[in-house]
Amino acid sequence: MVKKLHIKTYGCQMNVYDSDRMQDLMQAVGYEISNDVDDVDMVIINTCHIREKASEKLFSDLGRIRPFKEKKQQQGKQMIVAVAGCVAQAEGEEIFKRSKIVDIIVGPESYQTLPDLVGKVIRDQKKQINLDFVANEKFDLLPQSKSNNSASAFITIQEGCDKFCTFCVVPYTRGSEYSREIEKIIIDVKNAVNNGAKEIYFLGQNVNAYHGLDENGNISNLAKLIDEASKINGVERIRYTTSHPKDMDDDLINIHGDNQKLMPFLHLPIQSGSNSVLKAMNRKHSRQDYFKIIEKLRKSRPDIGLSSDFIVGFPGETDKDFEDTIDLVRQIGFSQCYSFKYSMRPGTPASEAEKQVPENIKDQRLAILQKLLTEQQIEFNKKFENKQMAVLFEKQVPKSVKNNSKIQLWGKSPWLQSVVVDIEENLIQKYIGNIVNVKIIKSRPSSLIAEII
């Protein structure tokens, strides 16, 4: 008898990847995915500890799930509730104490044991927990992915972090840096292509710190992996995220100019433009280092689009520190960015700092920064009006106003912009999953409107 599984995912693309792999694991033992939670046999909440109030969101979700589990119990049936991801790793057995409905707690480096843990819950009627750090074992035990049949495939190549930024919990929840062997990654890439993928995303907490072994047992870097993947027939686009400035070596910078399958877009978080704040964050690079990297990148690939992360209101940030951030943004010019107010993460050094910035100051600074970043994104997008580009279309999107028989398709530009086109409904299968030449007829702050050539 097929059982039903519902998975709710928070956080980064790596969490999405992990949820897909948990889906693969559970499908292999007889579960099928359901979008509804009211009558399923198992629920997995895959958590993210980087987001604000992560624990509160988890327990709020568990509160909403409780009535459905109690209803199943009244029917003499079982609903297994599992908490996975970084909050599971950080909170551990405390989750059992706060929520009696949780049956399984499993960390991001041990979810490959999920079917075994489910079996123990069913057989022994006891709660199960596994928070071991066994990244190499995890990838060896995961089945071949079947859950991704889209035009873009996400493949984790590196996990963990050795940087220990003072605001971040990742080193504590994901463990130390680990890189997979090139040969095994290439198998995943070929499998993704066979499932219809044309674009490959390489994922890692510090993806450009990749140092996996090649077929000869030699340590290889990300540039070599990109080069090897680009040789695979069917791979038309390659991207990678998320990078750290400290690991942006010349090989990787140069391949942006040498390999046309590597898209002209890079997300390279700096977090602050102030050297004093960067030092307090333990980022291990300066603003000058960042400027040098960007200069090299633009020399290698002049049309590259740049993205970054910024934290405003970090403990001890002064008006001058914030001005340094604004100055860096103005000098570099970004195509799109993520910006946040600093929020405390329990257990991190920054959470214990005495000079916390008042919330109203954080709000003011964030508004100023986001206004500038939005202006830069608008300016970047406007450059493409009346120009042609190749777009990878991935899905149909609902329209707010019906336009006869036409529907809208959503796709990605080489610079990771959202691109929308109107097409006749009978042409949808012709374009979804394919790279198509379009002309940009209008730019918006966060998207491009195009017509197919």
# chains A, B, ... in the order shown; residues from 1 in each chain; ligands from 1

call {"tool": "closest_atom_pairs", "arguments": {"of": "range 253-326 of chain A", "to": "range 352-365 of chain A", "cutoff": "12 Å", "atoms": "only C-alpha atoms", "output": "JSON lines"}}
result
{"residue": "A:Ala280", "atom": "CA", "partner": "A:Ala353", "partner_atom": "CA", "distance": 9.9}
{"residue": "A:Met281", "atom": "CA", "partner": "A:Ala353", "partner_atom": "CA", "distance": 11.1}
{"residue": "A:Phe310", "atom": "CA", "partner": "A:Arg365", "partner_atom": "CA", "distance": 11.2}
{"residue": "A:Ile311", "atom": "CA", "partner": "A:Lys362", "partner_atom": "CA", "distance": 9.5}
{"residue": "A:Val312", "atom": "CA", "partner": "A:Lys362", "partner_atom": "CA", "distance": 6.3}
{"residue": "A:Gly313", "atom": "CA", "partner": "A:Lys362", "partner_atom": "CA", "distance": 5.0}
{"residue": "A:Phe314", "atom": "CA", "partner": "A:Val357", "partner_atom": "CA", "distance": 6.8}
{"residue": "A:Pro315", "atom": "CA", "partner": "A:Gln356", "partner_atom": "CA", "distance": 4.4}
{"residue": "A:Gly316", "atom": "CA", "partner": "A:Lys355", "partner_atom": "CA", "distance": 4.9}
{"residue": "A:Glu317", "atom": "CA", "partner": "A:Val357", "partner_atom": "CA", "distance": 7.1}
{"residue": "A:Thr318", "atom": "CA", "partner": "A:Val357", "partner_atom": "CA", "distance": 8.7}
{"residue": "A:Asp319", "atom": "CA", "partner": "A:Arg365", "partner_atom": "CA", "distance": 9.0}
{"residue": "A:Lys320", "atom": "CA", "partner": "A:Arg365", "partner_atom": "CA", "distance": 11.7}
{"residue": "A:Asp321", "atom": "CA", "partner": "A:Arg365", "partner_atom": "CA", "distance": 10.9}
{"residue": "A:Phe322", "atom": "CA", "partner": "A:Arg365", "partner_atom": "CA", "distance": 7.5}
{"residue": "A:Glu323", "atom": "CA", "partner": "A:Arg365", "partner_atom": "CA", "distance": 9.5}
{"residue": "A:Thr325", "atom": "CA", "partner": "A:Arg365", "partner_atom": "CA", "distance": 10.3}
{"residue": "A:Ile326", "atom": "CA", "partner": "A:Arg365", "partner_atom": "CA", "distance": 9.7}

call {"tool": "write_last_selection", "arguments": {"atoms": "N, CA and C atoms", "output": "short mmCIF file (atom, residue, chain, number, x, y, z; two decimals), in the first residue's frame"}}
result
data_model
loop_
_atom_site.label_atom_id
_atom_site.label_comp_id
_atom_site.auth_asym_id
_atom_site.auth_seq_id
_atom_site.Cartn_x
_atom_site.Cartn_y
_atom_site.Cartn_z
N ALA A 280 35.04 42.23 12.62
CA ALA A 280 34.18 41.77 13.72
C ALA A 280 33.36 40.56 13.30
N MET A 281 33.03 40.48 12.02
CA MET A 281 32.30 39.32 11.49
C MET A 281 33.19 38.10 11.29
N PHE A 310 24.08 41.53 2.10
CA PHE A 310 24.47 42.59 3.02
C PHE A 310 23.70 42.45 4.33
N ILE A 311 24.42 42.61 5.43
CA ILE A 311 23.81 42.67 6.76
C ILE A 311 24.00 44.08 7.29
N VAL A 312 22.91 44.75 7.63
CA VAL A 312 23.02 46.08 8.22
C VAL A 312 22.73 45.98 9.71
N GLY A 313 23.34 46.88 10.48
CA GLY A 313 23.09 46.90 11.91
C GLY A 313 23.81 45.80 12.67
N PHE A 314 24.93 45.32 12.11
CA PHE A 314 25.73 44.34 12.85
C PHE A 314 26.24 44.99 14.13
N PRO A 315 26.37 44.23 15.22
CA PRO A 315 26.81 44.82 16.49
C PRO A 315 28.05 45.70 16.33
N GLY A 316 27.94 46.92 16.81
CA GLY A 316 29.06 47.86 16.75
C GLY A 316 29.13 48.67 15.47
N GLU A 317 28.23 48.42 14.50
CA GLU A 317 28.26 49.17 13.23
C GLU A 317 27.95 50.64 13.49
N THR A 318 28.86 51.51 13.07
CA THR A 318 28.68 52.95 13.23
C THR A 318 28.12 53.55 11.95
N ASP A 319 27.80 54.86 12.01
CA ASP A 319 27.34 55.56 10.81
C ASP A 319 28.42 55.50 9.73
N LYS A 320 29.69 55.64 10.13
CA LYS A 320 30.79 55.59 9.17
C LYS A 320 30.89 54.20 8.54
N ASP A 321 30.71 53.16 9.35
CA ASP A 321 30.73 51.79 8.81
C ASP A 321 29.65 51.62 7.74
N PHE A 322 28.46 52.11 8.04
CA PHE A 322 27.36 51.99 7.09
C PHE A 322 27.65 52.79 5.83
N GLU A 323 28.24 53.97 5.98
CA GLU A 323 28.61 54.78 4.81
C GLU A 323 29.61 54.04 3.94
N THR A 325 29.68 50.84 3.51
CA THR A 325 28.89 49.87 2.76
C THR A 325 28.22 50.53 1.55
N ILE A 326 27.61 51.68 1.77
CA ILE A 326 26.95 52.40 0.68
C ILE A 326 27.98 52.78 -0.39
#

call {"tool": "residues_around", "arguments": {"residues": "range 226-228 of chain A", "least_positions_apart": "5", "cutoff": "8 Å", "atoms": "only C-alpha atoms", "output": "ChimeraX atom specification"}}
result
/A:186,238,259,262

call {"tool": "select_by_dssp", "arguments": {"residues": "range 282-402 of chain A", "states": "strand (DSSP E)", "output": "PyMOL selection string"}}
result
chain A and resi 305-312+336-341+388-397

call {"tool": "residues_around", "arguments": {"residues": "Gly92 in chain A", "least_positions_apart": "6", "cutoff": "8 Å", "atoms": "only C-alpha atoms", "output": "PyMOL selection string"}}
result
chain A and resi 105+129+131

call {"tool": "residues_around", "arguments": {"residues": "Gln125 in chain A", "least_positions_apart": "6", "cutoff": "10 Å", "atoms": "only C-alpha atoms", "output": "list in words"}}
result
Asp103, Val118 and Gly119 of chain A

call {"tool": "closest_atom_pairs", "arguments": {"of": "range 31-106 of chain A", "to": "range 172-181 of chain A", "cutoff": "7 Å", "atoms": "only C-alpha atoms", "output": "JSON lines"}}
result
{"residue": "A:Cys86", "atom": "CA", "partner": "A:Thr173", "partner_atom": "CA", "distance": 5.3}
{"residue": "A:Gln89", "atom": "CA", "partner": "A:Thr173", "partner_atom": "CA", "distance": 5.4}
{"residue": "A:Ala90", "atom": "CA", "partner": "A:Thr173", "partner_atom": "CA", "distance": 5.9}
